[in-house]
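Have a look at model25.txt below; it lists compact mmCIF, C-alpha atoms.
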# COMPACT_ATOMS: atom_id res chain seq x y z
CA MET T 1 29.79 11.31 1.45
CA ALA T 2 29.04 12.84 -1.98
CA ASP T 3 26.48 10.14 -2.77
CA LYS T 4 24.69 10.40 0.58
CA VAL T 5 21.39 12.27 0.58
CA LEU T 6 20.11 11.10 3.97
CA ILE T 7 21.54 9.88 7.27
CA VAL T 8 19.25 8.69 10.07
CA ASP T 9 21.21 8.08 13.29
CA ASN T 10 19.45 6.35 16.22
CA ALA T 11 16.30 8.43 15.66
CA GLY T 12 13.24 8.03 17.86
CA LYS T 13 9.81 9.60 18.13
CA LYS T 14 7.44 9.32 21.07
CA PHE T 15 3.77 10.12 21.51
CA THR T 16 1.39 10.43 24.45
CA ARG T 17 -1.64 8.18 24.83
CA SER T 18 -3.64 10.82 26.74
CA LEU T 19 -4.64 13.98 24.83
CA LYS T 20 -4.92 16.01 28.01
CA ARG T 21 -1.48 14.94 29.20
CA SER T 22 -0.06 15.54 25.70
CA MET T 23 -1.30 19.15 25.80
CA TRP T 24 0.20 19.58 29.27
CA TYR T 25 3.58 18.23 28.17
CA GLY T 26 3.50 20.50 25.11
CA ALA T 27 2.83 23.57 27.24
CA MET T 28 5.64 22.60 29.63
CA ASP T 29 8.10 22.10 26.76
CA ILE T 30 7.22 25.52 25.29
CA LEU T 31 7.69 27.16 28.67
CA GLN T 32 11.06 25.46 29.22
CA ASN T 33 12.26 26.55 25.77
CA ALA T 34 11.14 30.14 26.51
CA LEU T 35 13.21 30.03 29.71
CA GLY T 36 16.24 28.66 27.87
CA ILE T 37 15.88 25.19 29.42
CA VAL T 38 16.42 22.33 26.99
CA PRO T 39 13.92 19.57 27.82
CA ASN T 40 15.20 16.00 27.94
CA THR T 41 13.02 14.46 25.24
CA SER T 42 14.93 11.15 25.22
CA VAL T 43 13.24 9.97 28.43
CA LEU T 44 9.66 8.70 28.52
CA ARG T 45 7.22 10.49 30.80
CA LYS T 46 3.95 9.14 32.13
CA ASP T 47 1.61 7.87 29.36
CA GLU T 48 4.30 8.29 26.69
CA PHE T 49 5.50 5.52 24.38
CA TRP T 50 8.05 5.18 21.58
CA ALA T 51 6.31 5.08 18.20
CA LEU T 52 9.79 4.67 16.69
CA GLU T 53 13.06 3.99 18.47
CA GLY T 54 16.66 3.36 17.45
CA ILE T 55 16.15 3.92 13.70
CA SER T 56 19.47 4.15 11.80
CA PHE T 57 20.10 3.94 8.05
CA GLU T 58 21.59 5.85 5.13
CA LEU T 59 20.15 6.63 1.70
CA ASN T 60 22.25 7.20 -1.43
CA ARG T 61 21.53 9.06 -4.67
CA GLY T 62 19.37 7.03 -7.06
CA GLU T 63 18.56 4.38 -4.45
CA THR T 64 15.08 3.13 -3.57
CA ILE T 65 14.39 1.71 -0.11
CA GLY T 66 11.16 -0.08 0.69
CA VAL T 67 9.53 0.32 4.10
CA ILE T 68 7.08 -2.38 5.14
CA GLY T 69 5.23 -3.41 8.28
CA ALA T 70 1.79 -3.97 9.71
CA ASN T 71 -0.61 -1.07 10.32
CA GLY T 72 0.53 0.95 13.33
CA SER T 73 4.16 -0.18 13.07
CA GLY T 74 5.47 3.39 12.50
CA LYS T 75 5.82 3.65 8.71
CA THR T 76 4.02 6.98 8.24
CA THR T 77 5.64 8.39 11.39
CA LEU T 78 9.05 7.62 9.86
CA LEU T 79 8.16 9.48 6.65
CA LYS T 80 6.94 12.47 8.64
CA LEU T 81 10.26 12.57 10.50
CA LEU T 82 12.17 12.47 7.21
CA ASN T 83 9.96 15.20 5.75
CA GLY T 84 10.42 17.49 8.76
CA ILE T 85 6.76 17.37 9.82
CA PHE T 86 7.88 15.79 13.10
CA MET T 87 11.17 16.41 14.90
CA PRO T 88 12.93 13.38 16.42
CA ASP T 89 12.83 13.17 20.22
CA LYS T 90 16.25 11.54 20.18
CA GLY T 91 18.94 10.85 17.62
CA LYS T 92 19.43 12.94 14.48
CA ILE T 93 18.38 13.11 10.85
CA ILE T 94 20.61 14.79 8.26
CA VAL T 95 19.21 15.60 4.82
CA TRP T 96 21.01 16.91 1.77
CA GLY T 97 18.79 18.56 -0.83
CA LYS T 98 15.07 18.97 -1.39
CA VAL T 99 12.52 16.47 -0.08
CA GLY T 100 9.30 15.81 -1.97
CA GLY T 101 6.70 13.98 0.08
CA LEU T 102 3.43 12.30 -0.84
CA ILE T 103 2.47 11.12 2.63
CA GLN T 104 -1.20 11.90 3.22
CA VAL T 105 -4.10 12.39 0.83
CA GLY T 106 -4.86 16.09 0.53
CA ALA T 107 -1.85 17.23 2.59
CA GLY T 108 -0.75 20.73 1.56
CA PHE T 109 -3.98 21.50 -0.32
CA HIS T 110 -6.46 24.20 0.64
CA PRO T 111 -9.99 22.76 0.21
CA MET T 112 -11.55 26.04 -0.93
CA LEU T 113 -8.97 26.67 -3.67
CA THR T 114 -9.07 25.10 -7.13
CA GLY T 115 -6.63 22.45 -8.26
CA ARG T 116 -4.82 25.04 -10.41
CA GLU T 117 -4.47 27.40 -7.44
CA ASN T 118 -3.32 24.57 -5.20
CA ILE T 119 -0.53 23.74 -7.64
CA TYR T 120 1.00 27.09 -6.68
CA VAL T 121 0.29 26.65 -2.95
CA ASN T 122 1.60 23.10 -2.74
CA GLY T 123 4.49 23.86 -5.07
CA ALA T 124 5.57 26.72 -2.80
CA ILE T 125 5.44 24.38 0.21
CA LEU T 126 7.77 22.03 -1.69
CA GLY T 127 10.22 24.85 -2.38
CA MET T 128 9.30 25.98 -5.89
CA GLY T 129 9.04 29.66 -6.78
CA LYS T 130 6.23 31.14 -8.87
CA LYS T 131 8.38 31.43 -12.01
CA GLU T 132 9.41 27.78 -11.72
CA ILE T 133 5.79 26.69 -11.30
CA ASP T 134 4.72 28.86 -14.26
CA LYS T 135 7.32 27.08 -16.37
CA LYS T 136 6.23 23.60 -15.27
CA LEU T 137 2.48 24.22 -15.02
CA ASP T 138 1.49 22.60 -18.32
CA SER T 139 3.58 19.53 -17.56
CA ILE T 140 2.04 19.19 -14.07
CA ILE T 141 -1.48 19.50 -15.48
CA GLU T 142 -0.76 16.95 -18.20
CA PHE T 143 0.65 14.40 -15.74
CA ALA T 144 -2.20 14.83 -13.22
CA ASP T 145 -4.79 14.38 -15.99
CA ILE T 146 -7.83 15.40 -13.92
CA GLY T 147 -9.64 17.18 -16.75
CA ASP T 148 -12.13 19.93 -15.94
CA PHE T 149 -11.72 19.32 -12.22
CA LEU T 150 -8.47 21.30 -12.42
CA ASP T 151 -10.50 24.50 -12.00
CA ALA T 152 -12.88 23.12 -9.36
CA PRO T 153 -12.31 23.47 -5.58
CA VAL T 154 -10.34 20.46 -4.36
CA ARG T 155 -12.93 19.79 -1.64
CA HIS T 156 -14.90 18.12 -4.45
CA TYR T 157 -12.00 15.81 -5.38
CA SER T 158 -11.96 12.07 -4.87
CA SER T 159 -8.98 10.57 -3.05
CA GLY T 160 -7.64 9.35 -6.39
CA MET T 161 -7.74 12.88 -7.83
CA TYR T 162 -5.91 14.23 -4.78
CA VAL T 163 -3.16 11.67 -5.35
CA ARG T 164 -2.92 12.44 -9.06
CA LEU T 165 -2.43 16.14 -8.43
CA GLY T 166 -0.20 15.68 -5.39
CA PHE T 167 2.12 13.25 -7.13
CA ALA T 168 2.34 15.44 -10.23
CA ILE T 169 3.44 18.41 -8.10
CA ALA T 170 5.86 16.36 -5.99
CA ILE T 171 7.82 14.96 -8.93
CA HIS T 172 8.02 18.35 -10.65
CA CYS T 173 9.72 19.94 -7.64
CA GLU T 174 12.73 17.80 -8.70
CA PRO T 175 13.45 16.44 -5.22
CA GLN T 176 16.69 14.78 -4.19
CA ILE T 177 14.56 12.54 -1.96
CA LEU T 178 11.03 11.38 -2.82
CA LEU T 179 8.84 9.98 -0.03
CA ILE T 180 5.88 7.88 -1.16
CA ASP T 181 3.35 6.47 1.30
CA GLU T 182 0.68 3.81 0.77
CA ILE T 183 -1.69 6.46 -0.58
CA LEU T 184 -0.66 5.49 -4.13
CA ALA T 185 -2.93 2.51 -3.56
CA VAL T 186 -6.02 4.73 -3.86
CA GLY T 187 -5.21 5.47 -7.49
CA ASP T 188 -6.28 3.24 -10.37
CA ALA T 189 -3.86 0.60 -11.69
CA GLY T 190 -2.97 2.63 -14.77
CA PHE T 191 -2.00 5.66 -12.74
CA GLN T 192 -0.04 3.51 -10.27
CA ASN T 193 2.04 2.14 -13.13
CA LYS T 194 2.49 5.66 -14.50
CA CYS T 195 3.79 6.80 -11.10
CA LEU T 196 6.12 3.83 -10.71
CA ASN T 197 7.53 4.43 -14.21
CA GLU T 198 8.12 8.07 -13.30
CA ILE T 199 9.91 7.04 -10.10
CA GLY T 200 12.19 4.91 -12.31
CA LYS T 201 12.99 7.93 -14.49
CA LEU T 202 13.73 10.11 -11.46
CA ARG T 203 15.98 7.41 -10.05
CA LYS T 204 18.08 7.46 -13.23
CA ASN T 205 18.53 11.20 -12.67
CA GLY T 206 19.74 10.60 -9.13
CA THR T 207 16.56 11.01 -7.08
CA ALA T 208 16.47 8.68 -4.07
CA THR T 209 13.12 7.21 -3.04
CA ILE T 210 11.64 5.77 0.12
CA LEU T 211 8.57 3.74 -0.79
CA VAL T 212 6.07 2.61 1.84
CA SER T 213 3.62 -0.08 0.76
CA HIS T 214 1.69 -3.17 1.83
CA ASN T 215 2.02 -4.41 -1.75
CA MET T 216 4.91 -6.90 -1.63
CA HIS T 217 4.85 -7.28 -5.40
CA ILE T 218 5.67 -3.59 -5.82
CA ILE T 219 8.19 -3.63 -2.96
CA SER T 220 9.98 -6.64 -4.40
CA THR T 221 10.03 -5.21 -7.92
CA TYR T 222 10.98 -1.56 -7.34
CA THR T 223 13.30 -1.43 -4.31
CA GLU T 224 16.92 -2.41 -3.67
CA ARG T 225 16.68 -3.07 0.07
CA ILE T 226 14.01 -3.09 2.73
CA ILE T 227 13.34 -1.76 6.22
CA LEU T 228 10.76 -3.77 8.14
CA LEU T 229 9.11 -1.96 11.04
CA GLU T 230 7.52 -3.90 13.88
CA ASN T 231 6.25 -2.19 17.03
CA GLY T 232 8.46 0.85 16.39
CA LYS T 233 11.65 -1.20 15.92
CA ALA T 234 13.48 -1.52 12.59
CA PHE T 235 14.92 -4.60 10.91
CA TYR T 236 17.18 -4.08 7.90
CA PHE T 237 17.45 -6.39 4.89
CA GLU T 238 19.66 -6.42 1.80
CA ASP T 239 17.89 -9.64 0.78
CA LYS T 240 14.35 -8.63 -0.18
CA SER T 241 12.93 -12.15 -0.09
CA GLU T 242 14.15 -12.55 3.50
CA ALA T 243 12.43 -9.31 4.49
CA ILE T 244 9.17 -10.31 2.83
CA GLN T 245 9.27 -13.73 4.48
CA LYS T 246 9.54 -12.05 7.89
CA TYR T 247 6.69 -9.70 6.96
CA SER T 248 4.71 -12.73 5.80
CA LYS T 249 5.01 -14.30 9.25
CA ILE T 250 3.58 -11.12 10.79
CA PHE T 251 0.78 -11.08 8.20
CA TYR T 252 -0.01 -14.78 8.68
CA LYS T 253 -0.06 -14.31 12.44
CA GLN T 254 -2.71 -11.60 12.02
CA ASN T 255 -4.63 -13.38 9.23
CA SER T 256 -3.97 -17.05 9.82
CA GLU T 257 -7.54 -18.29 9.52
CA ILE T 258 -9.47 -19.05 6.38
CA GLU T 259 -12.42 -16.68 6.28
CA LYS T 260 -15.79 -18.26 5.48
CA ASN T 261 -18.30 -15.49 5.95
CA CYS T 262 -20.98 -17.20 3.86
CA ASN T 263 -21.30 -20.95 3.46
CA GLY T 264 -24.59 -21.68 1.74
CA ASN T 265 -28.22 -21.60 2.92
CA ASN T 266 -31.10 -24.03 3.49
CA ASN T 267 -31.01 -25.12 -0.17
CA ILE T 268 -27.27 -25.49 -0.71
CA SER T 269 -24.29 -26.08 1.57
CA PHE T 270 -20.56 -26.13 0.82
CA PHE T 271 -18.19 -28.43 2.69
CA ASP T 272 -14.72 -29.98 2.48
CA VAL T 273 -13.14 -26.93 0.83
CA LYS T 274 -9.60 -27.96 -0.15
CA ILE T 275 -6.52 -26.26 -1.53
CA PRO T 276 -3.33 -28.33 -2.01
CA LYS T 277 -1.05 -25.66 -0.52
CA ARG T 278 -0.75 -22.06 0.65
CA ASN T 279 2.89 -21.40 -0.34
CA PHE T 280 3.62 -21.01 -4.06
CA SER T 281 6.45 -20.28 -6.41
CA SER T 282 5.91 -17.29 -8.65
CA GLY T 283 4.09 -18.41 -11.80
CA GLU T 284 2.32 -21.39 -10.21
CA ASP T 285 -1.39 -22.16 -10.44
CA PHE T 286 -3.78 -21.73 -7.53
CA ILE T 287 -6.43 -24.45 -7.39
CA ILE T 288 -9.36 -25.12 -5.08
CA PHE T 289 -11.92 -27.91 -4.72
CA LEU T 290 -15.36 -27.13 -3.28
CA SER T 291 -17.75 -29.94 -2.41
CA TYR T 292 -21.40 -28.95 -2.18
CA ASN T 293 -24.79 -30.47 -1.56
CA ALA T 294 -27.74 -28.77 -3.31
CA HIS T 295 -31.41 -29.52 -2.66
CA LYS T 296 -32.37 -27.76 -5.90
CA ASP T 297 -30.72 -26.69 -9.14
CA TYR T 298 -28.85 -23.38 -9.26
CA PHE T 299 -28.54 -22.45 -12.93
CA ASP T 300 -26.11 -19.90 -14.40
CA VAL T 301 -24.29 -18.99 -11.17
CA GLU T 302 -21.59 -16.33 -11.17
CA ILE T 303 -18.22 -17.10 -9.60
CA ASP T 304 -15.85 -14.28 -8.71
CA LEU T 305 -12.14 -14.97 -8.21
CA THR T 306 -9.98 -12.20 -6.72
CA ILE T 307 -6.38 -11.69 -5.62
CA ASN T 308 -5.50 -8.89 -3.20
CA ILE T 309 -1.88 -8.24 -2.32
CA GLY T 310 -1.44 -7.79 1.44
CA ASN T 311 -3.81 -5.05 2.61
CA GLU T 312 -3.91 -3.50 -0.85
CA PRO T 313 -7.42 -2.16 -1.59
CA VAL T 314 -6.89 -2.32 -5.37
CA LYS T 315 -7.18 -5.92 -6.57
CA PHE T 316 -4.23 -7.43 -8.45
CA PHE T 317 -6.67 -9.74 -10.22
CA GLN T 318 -10.46 -9.95 -10.43
CA ALA T 319 -12.57 -12.01 -12.81
CA THR T 320 -15.88 -13.83 -13.12
CA ASN T 321 -16.69 -16.94 -15.13
CA ARG T 322 -18.79 -14.72 -17.44
CA ALA T 323 -15.61 -12.90 -18.52
CA TYR T 324 -14.34 -16.25 -19.85
CA GLY T 325 -17.63 -17.24 -21.49
CA LYS T 326 -18.08 -20.13 -19.08
CA LYS T 327 -21.62 -21.03 -17.91
CA ILE T 328 -21.77 -22.89 -14.59
CA ASP T 329 -24.80 -24.77 -13.24
CA LEU T 330 -24.78 -26.16 -9.70
CA ARG T 331 -27.06 -29.20 -10.11
CA HIS T 332 -29.23 -30.83 -7.49
CA GLY T 333 -27.33 -33.37 -5.39
CA GLN T 334 -23.79 -33.74 -4.06
CA HIS T 335 -21.01 -32.63 -6.42
CA GLN T 336 -17.55 -31.08 -6.48
CA LEU T 337 -16.60 -27.78 -8.10
CA PHE T 338 -13.02 -27.24 -9.31
CA LEU T 339 -11.60 -23.73 -9.78
CA SER T 340 -8.12 -22.55 -10.71
CA ILE T 341 -6.19 -19.38 -11.48
CA LYS T 342 -3.35 -20.08 -13.90
CA ALA T 343 0.30 -18.97 -13.66
CA ILE T 344 -0.01 -16.18 -11.08
CA PRO T 345 2.94 -13.81 -11.76
CA LEU T 346 3.51 -12.41 -8.27
CA ASN T 347 6.97 -11.53 -6.98
CA ASN T 348 7.72 -12.36 -3.33
CA ALA T 349 4.31 -11.40 -2.04
CA VAL T 350 1.69 -12.14 0.56
CA ALA T 351 -1.76 -12.21 -1.00
CA ARG T 352 -5.35 -13.03 -0.14
CA ILE T 353 -7.31 -15.09 -2.65
CA GLY T 354 -11.08 -14.88 -2.56
CA VAL T 355 -13.88 -16.98 -4.03
CA THR T 356 -17.47 -15.70 -4.19
CA ILE T 357 -20.42 -17.61 -5.65
CA TRP T 358 -23.70 -15.89 -6.54
CA SER T 359 -27.01 -17.25 -7.72
CA GLU T 360 -28.32 -16.23 -11.16
CA LYS T 361 -28.19 -12.46 -11.75
CA ARG T 362 -26.50 -12.10 -8.36
CA HIS T 363 -29.80 -12.31 -6.52
CA GLU T 364 -28.34 -14.29 -3.62
CA LEU T 365 -24.87 -14.72 -2.14
CA LEU T 366 -24.26 -18.47 -1.81
CA PHE T 367 -20.62 -18.70 -0.78
CA TRP T 368 -17.82 -16.34 0.26
CA TRP T 369 -14.35 -17.58 1.11
CA SER T 370 -10.90 -16.03 1.52
CA ILE T 371 -7.43 -17.21 2.54
CA PRO T 372 -3.92 -15.70 2.85
CA VAL T 373 -1.27 -17.29 0.63
CA GLU T 374 2.39 -16.57 -0.12
CA PHE T 375 4.32 -16.38 -3.40
CA LYS T 376 8.11 -16.64 -3.62
CA GLY T 377 10.47 -16.11 -6.51
CA THR T 378 10.47 -13.64 -9.38
CA ALA T 379 7.99 -12.99 -12.16
CA HIS T 380 7.38 -10.01 -14.42
CA ALA T 381 4.03 -8.31 -13.96
CA THR T 382 2.89 -4.95 -12.64
CA GLY T 383 -0.52 -3.63 -11.71
CA ARG T 384 -3.64 -5.65 -12.38
CA CYS T 385 -3.47 -8.26 -15.11
CA PHE T 386 -5.52 -10.84 -17.04
CA LEU T 387 -4.99 -14.44 -15.94
CA ASP T 388 -6.41 -17.64 -17.40
CA THR T 389 -8.87 -19.49 -15.16
CA SER T 390 -10.76 -22.80 -15.11
CA TYR T 391 -14.26 -23.57 -13.81
CA GLU T 392 -15.37 -27.22 -13.87
CA ILE T 393 -17.88 -29.54 -12.18
CA LEU T 394 -15.93 -32.74 -11.48
CA SER T 395 -18.70 -35.01 -10.27
Since I need it in another form, could you write the structure as C-alpha cells?
Amino acid sequence: MADKVLIVDNAGKKFTRSLKRSMWYGAMDILQNALGIVPNTSVLRKDEFWALEGISFELNRGETIGVIGANGSGKTTLLKLLNGIFMPDKGKIIVWGKVGGLIQVGAGFHPMLTGRENIYVNGAILGMGKKEIDKKLDSIIEFADIGDFLDAPVRHYSSGMYVRLGFAIAIHCEPQILLIDEILAVGDAGFQNKCLNEIGKLRKNGTATILVSHNMHIISTYTERIILLENGKAFYFEDKSEAIQKYSKIFYKQNSEIEKNCNGNNNISFFDVKIPKRNFSSGEDFIIFLSYNAHKDYFDVEIDLTINIGNEPVKFFQATNRAYGKKIDLRHGQHQLFLSIKAIPLNNAVARIGVTIWSEKRHELLFWWSIPVEFKGTAHATGRCFLDTSYEILS
C-alpha cells in the first residue's frame, strides 16, 4: 500500500437535467442533513442521470494514467471528483497526499487581482503557506514567463497566459498527484513541451499524474496505461494501442465523412479526390490526388496542408507551398494535382488532415477538404514539427 496514492472504488457521480429540480433536490438534501437524515444518493431520482458510474482504479507513485473519450464522456467530471470539487454520489475515493489540479482555465484566480497576487491566492488553495510561496516565487514567475503581465489584473489574460501561470503554481506545490485536463491544448507548442518535460521530472520524483487529452500522440507517448470513458462508463487498458483503437472507432463514428466545405466555383471545379488509404503506420507518407477542371488559368495559388490530432485546436503540422519555395499554377483545362506529406511521425493517433487551396494572394477560397485518418505504431516526435511535402501537377 506504500506506493498507492489514489484508490477509486466503484465511484459514481450524478447530475440533474432540470435546473429547477436540481435546486429542489439540493435544498432537500441540505434539510435532511440538518435533521440528521443521510440521503440515499446512490439511487436516481426524476430527471437525474449518471455522468459517471462504476469507476474503479488505483494510481501508484510516479505513474501516469491517460484518460480519453469523446466530449461529454465524463473526463472533467472524473478529475473534479479526484480533486474534491465534487463528492461521489456512490462509491469512495481515497487520496494520500497533496493534489495539484489544472482542470479549468482561470480556476482559483481572482479576476481583479494581479498575476503576482493570484500566485499567493492560488498557492494557498493548493495548500502552500505564505513562507513557502515566498521561497518559490521567483521560480514560479520564471516558469510562467508571462512578462509584464505578471503585475496586471488576470482579467486581461489570454487563456494561454492563464494556463502558464496555473501550471507554474500547480507544479510548485509539489503534489503527490497532478491532474491535467485538456486545457494544456490552449498553450503554444513550446509551452506544451515545457509542461510535458516538467511532468517527466516530477514523475521521477514520485509524483503521479492523470492526464486528460484528445491528443492521442501525447497520450501514447507520456502515459503507461489508459482509461477510456464512454457515456459515463470506464474501460481500462494496459495496452495503449488497444485503447486508442477503441477511441478511434468512437472518433470515426462521429467523424466518418470526408468534409468538402468548398469544392470550386464557376471557373474551376475539383472532382475524383483520391487517397490510397486512411490507416497508416507511424512514419508513412500521406498522399492525395485531386483532379480539377479549370475554365481559366489560376496562377501562383497557395496550398495549405494541416494535421490536427483528434479535437486538438493546436495543429501538429501546418505548411503552405510557399514555405517550401514551390510555385503552383492551376492551368486552364483538366489536370491532376498530386500532394503529399512525408514520413508523418505520429504515435498511435487519430488525426484530421486538411487541404485548402487559395487563389493568388488568398483572394478567393477555391477548395477546402478534410478527412479523419489513423496512425499506428511508434515514432519519436512531440509538439508541432517540420515535415517534407510535395506539390506536383501530374497531367
I'd like the neighbourhood of stretch 227-232 of chain T as a compact mmCIF listing (two decimals) with C-alpha atoms, in the coordinates of the input, where a residue qualifies if any of its atoms comes within 8 Å (using all atoms listed in the file), though same-chain residues fewer than 4 positions away should be ignored.
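Dumped everything to part-v7.txt:
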# COMPACT_ATOMS: atom_id res chain seq x y z
CA TRP T 50 8.05 5.18 21.58
CA ALA T 51 6.31 5.08 18.20
CA LEU T 52 9.79 4.67 16.69
CA GLU T 53 13.06 3.99 18.47
CA ILE T 65 14.39 1.71 -0.11
CA GLY T 66 11.16 -0.08 0.69
CA VAL T 67 9.53 0.32 4.10
CA ILE T 68 7.08 -2.38 5.14
CA GLY T 69 5.23 -3.41 8.28
CA ALA T 70 1.79 -3.97 9.71
CA GLY T 72 0.53 0.95 13.33
CA SER T 73 4.16 -0.18 13.07
CA GLY T 74 5.47 3.39 12.50
CA LYS T 75 5.82 3.65 8.71
CA TYR T 236 17.18 -4.08 7.90
CA PHE T 237 17.45 -6.39 4.89
CA ALA T 243 12.43 -9.31 4.49
CA TYR T 247 6.69 -9.70 6.96
Inset, instruction - Using atom CA of T:Asn193 and atom CA of T:Ile180 as the two end points, give the distance in Å to one decimal. - result: 13.8 Å
Inset, instruction - Could you check which of T:Lys90, T:Lys80, T:Lys327, T:Lys204 is closest to T:Thr64, using all atoms listed in the file? - result: T:Lys204
Inset, instruction - Work out how far atom CA of T:Ser158 is from atom CA of T:Asp145, in Å to one decimal. - result: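 The value is 13.4 Å.
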Legend entry - Top pick for closest residue to T:Ile125, considering T:Asn83, T:Thr223, T:Ser139, T:Ser370 and counting all atoms listed in the file: T:Asn83
Legend entry - Residue with smallest distance to T:Lys46 - pool T:Asn265, T:Thr209, T:Thr16, T:Thr306, counting all atoms listed in the file: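 Of T:Asn265, T:Thr209, T:Thr16, T:Thr306, the one nearest T:Lys46, counting all atoms listed in the file, is T:Thr16.
Pairwise distance (atom CA of T:Phe289, atom CA of T:Phe317) equals 19.7 Å.
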Legend entry - Pick from T:His217, T:Lys296, T:Lys376, T:Lys136 nearest to T:Gly123, counting only C-alpha atoms: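 Among the listed residues, the smallest separation from T:Gly123 belongs to T:Lys136.
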Legend entry - Residue neighbourhood T:Gln245, 12 Å, only C-alpha atoms, exclusion window fewer than 4 positions, as a list in words: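 Counting only the stated atoms, we get Ile68, Gly69, Met216, Ser220, Ile226, Leu228, Phe237, Asp239, Lys240, Ser241, Lys249, Ile250, Phe251, Tyr252, Asn279, Asn347, Asn348, Ala349, Val350, Val373, Glu374, Phe375, Lys376 and Gly377 of chain T.
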Inset, instruction - Around the point (0.1, -26.1, 0.4), in the coordinates given by the file, pick out the residues reaching within 12 Å, counting only C-alpha atoms, and return them as JSON, numbers by chain. - result: {"T": [274, 275, 276, 277, 278, 279, 280, 281, 284, 285, 286, 287, 288, 371, 372, 373, 374, 375]}
